[in-house]
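Trainee: Let me give you the structure first, and then I'll get to my questions.
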Amino acid sequence: MSIILQSTAGGFSAQFMRKLPLVEQAMRDHGLDPAEFVISKDYASTATIPLMRPFFFNYSVYFGEEEFTVTEPNDMVFLDYFLNRVLAADGPPELPEQAGLIRRLFGWMAQPV
């Protein structure tokens, strides 16, 4: 099964719908069941100029007892954000070993005098 989509803001873009199966596969690859997720898209605010829609959308993601909401300008920016969250579910990214200025300074301070 796939992610449940809800929208009060006119639905999701065609590009979003084409990329969604790839995101769902990435979720499965990381041990997540897409059927447990609901994505809801709503306008972030009311239009301030008549005959114009708001420029941003609230995307709420519900899964189990958890939920989060982000405000993004379009579906694809949100989907990229969501995919990055899925890929980060395994843990924090590993930082490359670099002998930067701060690391060298702490190394020098740790040495006996």
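Ligands are numbered from 1 in the order shown, chains are lettered A, B, ... in the order of the structure tokens, and residues start at 1 in each chain.
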Quick one: everything within 7 Å of Met27 in chain A, counting only C-alpha atoms, minus sequence neighbours fewer than 6 positions away in the same chain. Send it as number ranges by chain.
Mentor: A: 33-34, 86
Trainee: Please, could you write that set of residues out with C-alpha atoms as an mmCIF file, in the first residue's frame?
Mentor:
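Writing the result to out_22.cif gives the following:
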data_model
loop_
_atom_site.group_PDB
_atom_site.id
_atom_site.type_symbol
_atom_site.label_atom_id
_atom_site.label_comp_id
_atom_site.auth_asym_id
_atom_site.auth_seq_id
_atom_site.Cartn_x
_atom_site.Cartn_y
_atom_site.Cartn_z
ATOM 1 C CA ASP A 33 5.797 1.070 5.893
ATOM 2 C CA PRO A 34 4.372 3.790 3.613
ATOM 3 C CA VAL A 86 13.412 9.194 5.433
#
Trainee: Quick one: residues within 12 Å of Lys41 in chain A, only C-alpha atoms, excluding same-chain residues fewer than 3 positions away - as a VMD selection string?
Mentor: chain A and resid 4 to 13 38 44 56 to 62 69 to 75 78 to 79
Trainee: Which residue gives the smallest distance to Ala26 in chain A among A:Leu87, A:Asp80, A:Phe63, A:Ser40, with only C-alpha atoms counted?
Mentor: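 Answer, going by the shortest atom-to-atom distance: A:Leu87.
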Trainee: For Gly64 in chain A, which of A:Glu36, A:Val23, A:Ile3, A:Ala14 is the closest residue, counting only C-alpha atoms?
Mentor: A:Glu36
Trainee: DSSP on the backbone, helix (DSSP H, G or I) only: what residues of range 36-82 of chain A does that give? Format it as a ChimeraX atom specification.
Mentor: /A:36,75-82
Trainee: What does the distance from CA of Met76 in chain A to CA of Phe16 in chain A come to in Å, to one decimal?
Mentor: 5.9 Å
Trainee: Can you tell me how far CA of Pro21 in chain A sits from CA of Asp42 in chain A, in Å to one decimal?
Mentor: 21.7 Å
